[in-house]
>>> print(open('coords_0.pdb').read())   # PDB, C-alpha atoms
ATOM      1  CA  MET A   1     141.782  81.893 163.621  1.00  0.00           C
ATOM      2  CA  ALA A   2     143.124  81.222 167.122  1.00  0.00           C
ATOM      3  CA  ALA A   3     141.775  78.235 169.027  1.00  0.00           C
ATOM      4  CA  SER A   4     140.166  80.379 171.742  1.00  0.00           C
ATOM      5  CA  VAL A   5     138.422  82.589 169.182  1.00  0.00           C
ATOM      6  CA  ARG A   6     137.282  79.514 167.263  1.00  0.00           C
ATOM      7  CA  SER A   7     135.784  77.953 170.387  1.00  0.00           C
ATOM      8  CA  GLN A   8     134.122  81.276 171.226  1.00  0.00           C
ATOM      9  CA  VAL A   9     132.568  81.444 167.742  1.00  0.00           C
ATOM     10  CA  ILE A  10     131.364  77.828 167.910  1.00  0.00           C
ATOM     11  CA  SER A  11     129.896  78.437 171.360  1.00  0.00           C
ATOM     12  CA  LEU A  12     128.100  81.554 170.105  1.00  0.00           C
ATOM     13  CA  TYR A  13     126.753  79.599 167.116  1.00  0.00           C
ATOM     14  CA  ARG A  14     125.378  76.843 169.353  1.00  0.00           C
ATOM     15  CA  MET A  15     123.794  79.319 171.762  1.00  0.00           C
ATOM     16  CA  MET A  16     122.140  81.186 168.893  1.00  0.00           C
ATOM     17  CA  LEU A  17     120.742  77.955 167.440  1.00  0.00           C
ATOM     18  CA  THR A  18     119.501  76.823 170.850  1.00  0.00           C
ATOM     19  CA  GLU A  19     117.762  80.122 171.538  1.00  0.00           C
ATOM     20  CA  SER A  20     116.296  80.270 168.029  1.00  0.00           C
ATOM     21  CA  LYS A  21     114.691  76.870 168.550  1.00  0.00           C
ATOM     22  CA  LYS A  22     112.734  78.312 171.491  1.00  0.00           C
ATOM     23  CA  PHE A  23     110.548  80.613 169.369  1.00  0.00           C
ATOM     24  CA  PRO A  24     106.914  79.567 169.880  1.00  0.00           C
ATOM     25  CA  SER A  25     105.941  80.465 166.310  1.00  0.00           C
ATOM     26  CA  TYR A  26     107.021  78.103 163.541  1.00  0.00           C
ATOM     27  CA  ASN A  27     107.631  80.947 161.080  1.00  0.00           C
ATOM     28  CA  TYR A  28     109.844  82.967 163.438  1.00  0.00           C
ATOM     29  CA  ARG A  29     111.681  79.822 164.517  1.00  0.00           C
ATOM     30  CA  THR A  30     112.562  78.694 160.994  1.00  0.00           C
ATOM     31  CA  TYR A  31     113.463  82.250 159.943  1.00  0.00           C
ATOM     32  CA  ALA A  32     115.806  82.719 162.907  1.00  0.00           C
ATOM     33  CA  LEU A  33     117.467  79.336 162.384  1.00  0.00           C
ATOM     34  CA  ARG A  34     117.967  80.020 158.678  1.00  0.00           C
ATOM     35  CA  ARG A  35     119.426  83.500 159.344  1.00  0.00           C
ATOM     36  CA  VAL A  36     121.866  82.194 161.959  1.00  0.00           C
ATOM     37  CA  ARG A  37     123.073  79.332 159.757  1.00  0.00           C
ATOM     38  CA  ASP A  38     123.401  81.543 156.676  1.00  0.00           C
ATOM     39  CA  ALA A  39     125.323  84.256 158.535  1.00  0.00           C
ATOM     40  CA  PHE A  40     127.828  81.803 159.962  1.00  0.00           C
ATOM     41  CA  ARG A  41     128.279  80.038 156.615  1.00  0.00           C
ATOM     42  CA  ALA A  42     128.820  83.337 154.809  1.00  0.00           C
ATOM     43  CA  ASN A  43     131.566  84.375 157.234  1.00  0.00           C
ATOM     44  CA  GLY A  44     133.141  80.952 157.750  1.00  0.00           C
ATOM     45  CA  THR A  45     136.219  81.727 155.682  1.00  0.00           C
ATOM     46  CA  LEU A  46     136.950  85.066 157.335  1.00  0.00           C
ATOM     47  CA  GLU A  47     140.579  85.339 158.514  1.00  0.00           C
ATOM     48  CA  ASP A  48     140.938  88.967 159.657  1.00  0.00           C
ATOM     49  CA  PRO A  49     141.016  88.988 163.505  1.00  0.00           C
ATOM     50  CA  ARG A  50     139.427  92.461 163.740  1.00  0.00           C
ATOM     51  CA  ALA A  51     136.564  91.483 161.473  1.00  0.00           C
ATOM     52  CA  VAL A  52     136.051  88.237 163.391  1.00  0.00           C
ATOM     53  CA  GLU A  53     135.965  90.120 166.701  1.00  0.00           C
ATOM     54  CA  ARG A  54     133.505  92.654 165.284  1.00  0.00           C
ATOM     55  CA  LEU A  55     131.248  89.835 164.079  1.00  0.00           C
ATOM     56  CA  VAL A  56     131.461  88.083 167.465  1.00  0.00           C
ATOM     57  CA  VAL A  57     130.294  91.271 169.198  1.00  0.00           C
ATOM     58  CA  GLU A  58     127.527  91.647 166.625  1.00  0.00           C
ATOM     59  CA  GLY A  59     126.557  88.005 167.174  1.00  0.00           C
ATOM     60  CA  GLN A  60     126.360  88.514 170.938  1.00  0.00           C
ATOM     61  CA  GLN A  61     124.043  91.471 170.377  1.00  0.00           C
ATOM     62  CA  THR A  62     121.915  89.358 168.052  1.00  0.00           C
ATOM     63  CA  LEU A  63     121.803  86.585 170.659  1.00  0.00           C
ATOM     64  CA  ALA A  64     120.514  89.080 173.235  1.00  0.00           C
ATOM     65  CA  LEU A  65     117.888  90.219 170.722  1.00  0.00           C
ATOM     66  CA  ILE A  66     116.789  86.624 170.073  1.00  0.00           C
ATOM     67  CA  LYS A  67     116.494  85.985 173.815  1.00  0.00           C
ATOM     68  CA  ARG A  68     114.320  89.102 174.254  1.00  0.00           C
ATOM     69  CA  GLN A  69     112.100  88.177 171.337  1.00  0.00           C
ATOM     70  CA  VAL A  70     111.663  84.618 172.583  1.00  0.00           C
ATOM     71  CA  SER A  71     110.629  85.845 176.022  1.00  0.00           C
ATOM     72  CA  ILE A  72     108.202  88.379 174.543  1.00  0.00           C
ATOM     73  CA  GLY A  73     106.792  85.769 172.160  1.00  0.00           C
ATOM     74  CA  SER A  74     106.199  83.318 174.984  1.00  0.00           C
ATOM     75  CA  MET A  75     104.158  85.911 176.906  1.00  0.00           C
ATOM     76  CA  TYR A  76     101.434  85.930 174.295  1.00  0.00           C
ATOM     77  CA  ALA A  77      99.798  82.631 173.493  1.00  0.00           C
ATOM     78  CA  THR A  78      98.870  81.967 169.895  1.00  0.00           C
ATOM     79  CA  GLN A  79      96.994  79.139 168.288  1.00  0.00           C
ATOM     80  CA  LYS A  80      99.171  76.305 167.090  1.00  0.00           C
ATOM     81  CA  SER A  81      99.238  75.851 163.344  1.00  0.00           C
ATOM     82  CA  VAL A  82      99.383  72.574 161.510  1.00  0.00           C
ATOM     83  CA  VAL A  83     103.149  72.777 160.993  1.00  0.00           C
ATOM     84  CA  ASP A  84     103.997  73.511 164.645  1.00  0.00           C
ATOM     85  CA  ASP A  85     105.536  70.702 166.629  1.00  0.00           C
TER      86      ASP A  85
END
>>> encode(input="coords_0.pdb", output="structure tokens")
Amino acid sequence: MAASVRSQVISLYRMMLTESKKFPSYNYRTYALRRVRDAFRANGTLEDPRAVERLVVEGQQTLALIKRQVSIGSMYATQKSVVDD
């Protein structure tokens, strides 16, 4: 994997984790964090440049989805549960 692609993937990973931590609901937050980590671990050994590029595009779409869901979730207040921070 080229250095620029690697830095792009790491940047995408960090942005996805940061956005996932913004979910107001504990359940959605932990689910999103687990999905992001698992997806990146599963594809960590991928070497094919086309497949990596396809997954980066897919990750950017998922990041946009997470951002939308976080903003929608923050519009509607819910009661805090015991496990929420």
>>> resolve_selection(input="coords_0.pdb", expression="the PyMOL selection byres ((chain A and resi 25-38) around 9)", output="short mmCIF file (atom, residue, chain, number, x, y, z; two decimals) with C-alpha atoms, keeping the file's coordinate frame")
data_model
loop_
_atom_site.label_atom_id
_atom_site.label_comp_id
_atom_site.auth_asym_id
_atom_site.auth_seq_id
_atom_site.Cartn_x
_atom_site.Cartn_y
_atom_site.Cartn_z
CA TYR A 13 126.75 79.60 167.12
CA MET A 16 122.14 81.19 168.89
CA LEU A 17 120.74 77.96 167.44
CA SER A 20 116.30 80.27 168.03
CA LYS A 21 114.69 76.87 168.55
CA LYS A 22 112.73 78.31 171.49
CA PHE A 23 110.55 80.61 169.37
CA PRO A 24 106.91 79.57 169.88
CA ALA A 39 125.32 84.26 158.54
CA PHE A 40 127.83 81.80 159.96
CA ARG A 41 128.28 80.04 156.62
CA ALA A 42 128.82 83.34 154.81
CA ASN A 43 131.57 84.38 157.23
CA ILE A 66 116.79 86.62 170.07
CA GLY A 73 106.79 85.77 172.16
CA THR A 78 98.87 81.97 169.90
CA LYS A 80 99.17 76.31 167.09
CA SER A 81 99.24 75.85 163.34
CA VAL A 83 103.15 72.78 160.99
CA ASP A 84 104.00 73.51 164.64
CA ASP A 85 105.54 70.70 166.63
#
>>> atom_distance(input="coords_0.pdb", atom1="CA of Ala77 (chain A)", atom2="CA of Met15 (chain A)")
24.3 Å
>>> residues_around(input="coords_0.pdb", residues="Leu65 (chain A)", least_positions_apart="5", cutoff="12 Å", atoms="only C-alpha atoms", output="list in words")
Met16, Glu19, Ser20, Ala32, Glu58, Gly59, Gln60, Val70, Ser71 and Ile72 of chain A
>>> atom_distance(input="coords_0.pdb", atom1="CA of Arg14 (chain A)", atom2="CA of Leu63 (chain A)")
10.5 Å
>>> closest_residue(input="coords_0.pdb", among="A:Ala64, A:Val82, A:Val52, A:Met75", to="Val5 (chain A)", atoms="all atoms listed in the file")
A:Val52
>>> build_atoms(input="coords_0.pdb", residues="region 21-39 of chain A", atoms="N, CA, C and O atoms", output="PDB file, in the frame of the given file")
ATOM      1  N   LYS A  21     115.630  77.993 168.511  1.00  0.00           N
ATOM      2  CA  LYS A  21     114.691  76.870 168.550  1.00  0.00           C
ATOM      3  C   LYS A  21     113.590  77.062 169.585  1.00  0.00           C
ATOM      4  O   LYS A  21     112.612  76.325 169.587  1.00  0.00           O
ATOM      5  N   LYS A  22     113.711  78.064 170.433  1.00  0.00           N
ATOM      6  CA  LYS A  22     112.734  78.312 171.491  1.00  0.00           C
ATOM      7  C   LYS A  22     111.582  79.208 171.050  1.00  0.00           C
ATOM      8  O   LYS A  22     110.651  79.419 171.821  1.00  0.00           O
ATOM      9  N   PHE A  23     111.646  79.764 169.845  1.00  0.00           N
ATOM     10  CA  PHE A  23     110.548  80.613 169.369  1.00  0.00           C
ATOM     11  C   PHE A  23     109.262  79.801 169.326  1.00  0.00           C
ATOM     12  O   PHE A  23     109.241  78.688 168.773  1.00  0.00           O
ATOM     13  N   PRO A  24     108.172  80.323 169.890  1.00  0.00           N
ATOM     14  CA  PRO A  24     106.914  79.567 169.880  1.00  0.00           C
ATOM     15  C   PRO A  24     106.281  79.472 168.488  1.00  0.00           C
ATOM     16  O   PRO A  24     105.606  78.497 168.183  1.00  0.00           O
ATOM     17  N   SER A  25     106.522  80.446 167.649  1.00  0.00           N
ATOM     18  CA  SER A  25     105.941  80.465 166.310  1.00  0.00           C
ATOM     19  C   SER A  25     106.846  79.744 165.317  1.00  0.00           C
ATOM     20  O   SER A  25     108.054  80.005 165.250  1.00  0.00           O
ATOM     21  N   TYR A  26     106.267  78.865 164.538  1.00  0.00           N
ATOM     22  CA  TYR A  26     107.021  78.103 163.541  1.00  0.00           C
ATOM     23  C   TYR A  26     107.733  79.027 162.560  1.00  0.00           C
ATOM     24  O   TYR A  26     108.908  78.827 162.242  1.00  0.00           O
ATOM     25  N   ASN A  27     107.045  80.056 162.081  1.00  0.00           N
ATOM     26  CA  ASN A  27     107.631  80.947 161.080  1.00  0.00           C
ATOM     27  C   ASN A  27     108.837  81.704 161.630  1.00  0.00           C
ATOM     28  O   ASN A  27     109.875  81.807 160.968  1.00  0.00           O
ATOM     29  N   TYR A  28     108.720  82.255 162.825  1.00  0.00           N
ATOM     30  CA  TYR A  28     109.844  82.967 163.438  1.00  0.00           C
ATOM     31  C   TYR A  28     110.999  82.009 163.719  1.00  0.00           C
ATOM     32  O   TYR A  28     112.166  82.359 163.551  1.00  0.00           O
ATOM     33  N   ARG A  29     110.666  80.818 164.179  1.00  0.00           N
ATOM     34  CA  ARG A  29     111.681  79.822 164.517  1.00  0.00           C
ATOM     35  C   ARG A  29     112.504  79.448 163.284  1.00  0.00           C
ATOM     36  O   ARG A  29     113.739  79.493 163.305  1.00  0.00           O
ATOM     37  N   THR A  30     111.835  79.097 162.197  1.00  0.00           N
ATOM     38  CA  THR A  30     112.562  78.694 160.994  1.00  0.00           C
ATOM     39  C   THR A  30     113.332  79.869 160.390  1.00  0.00           C
ATOM     40  O   THR A  30     114.444  79.686 159.887  1.00  0.00           O
ATOM     41  N   TYR A  31     112.770  81.064 160.457  1.00  0.00           N
ATOM     42  CA  TYR A  31     113.463  82.250 159.943  1.00  0.00           C
ATOM     43  C   TYR A  31     114.738  82.507 160.738  1.00  0.00           C
ATOM     44  O   TYR A  31     115.808  82.736 160.162  1.00  0.00           O
ATOM     45  N   ALA A  32     114.637  82.459 162.061  1.00  0.00           N
ATOM     46  CA  ALA A  32     115.806  82.719 162.907  1.00  0.00           C
ATOM     47  C   ALA A  32     116.885  81.663 162.687  1.00  0.00           C
ATOM     48  O   ALA A  32     118.076  81.991 162.572  1.00  0.00           O
ATOM     49  N   LEU A  33     116.495  80.407 162.616  1.00  0.00           N
ATOM     50  CA  LEU A  33     117.467  79.336 162.384  1.00  0.00           C
ATOM     51  C   LEU A  33     118.163  79.505 161.036  1.00  0.00           C
ATOM     52  O   LEU A  33     119.387  79.360 160.933  1.00  0.00           O
ATOM     53  N   ARG A  34     117.396  79.837 160.012  1.00  0.00           N
ATOM     54  CA  ARG A  34     117.967  80.020 158.678  1.00  0.00           C
ATOM     55  C   ARG A  34     118.931  81.207 158.665  1.00  0.00           C
ATOM     56  O   ARG A  34     120.025  81.126 158.102  1.00  0.00           O
ATOM     57  N   ARG A  35     118.560  82.314 159.315  1.00  0.00           N
ATOM     58  CA  ARG A  35     119.426  83.500 159.344  1.00  0.00           C
ATOM     59  C   ARG A  35     120.733  83.227 160.068  1.00  0.00           C
ATOM     60  O   ARG A  35     121.800  83.651 159.626  1.00  0.00           O
ATOM     61  N   VAL A  36     120.655  82.508 161.196  1.00  0.00           N
ATOM     62  CA  VAL A  36     121.866  82.194 161.959  1.00  0.00           C
ATOM     63  C   VAL A  36     122.785  81.310 161.127  1.00  0.00           C
ATOM     64  O   VAL A  36     123.983  81.589 160.994  1.00  0.00           O
ATOM     65  N   ARG A  37     122.247  80.253 160.556  1.00  0.00           N
ATOM     66  CA  ARG A  37     123.073  79.332 159.757  1.00  0.00           C
ATOM     67  C   ARG A  37     123.697  80.042 158.555  1.00  0.00           C
ATOM     68  O   ARG A  37     124.887  79.879 158.264  1.00  0.00           O
ATOM     69  N   ASP A  38     122.894  80.840 157.855  1.00  0.00           N
ATOM     70  CA  ASP A  38     123.401  81.543 156.676  1.00  0.00           C
ATOM     71  C   ASP A  38     124.490  82.544 157.029  1.00  0.00           C
ATOM     72  O   ASP A  38     125.487  82.669 156.307  1.00  0.00           O
ATOM     73  N   ALA A  39     124.328  83.265 158.131  1.00  0.00           N
ATOM     74  CA  ALA A  39     125.323  84.256 158.535  1.00  0.00           C
ATOM     75  C   ALA A  39     126.649  83.594 158.885  1.00  0.00           C
ATOM     76  O   ALA A  39     127.714  84.079 158.496  1.00  0.00           O
TER      77      ALA A  39
END
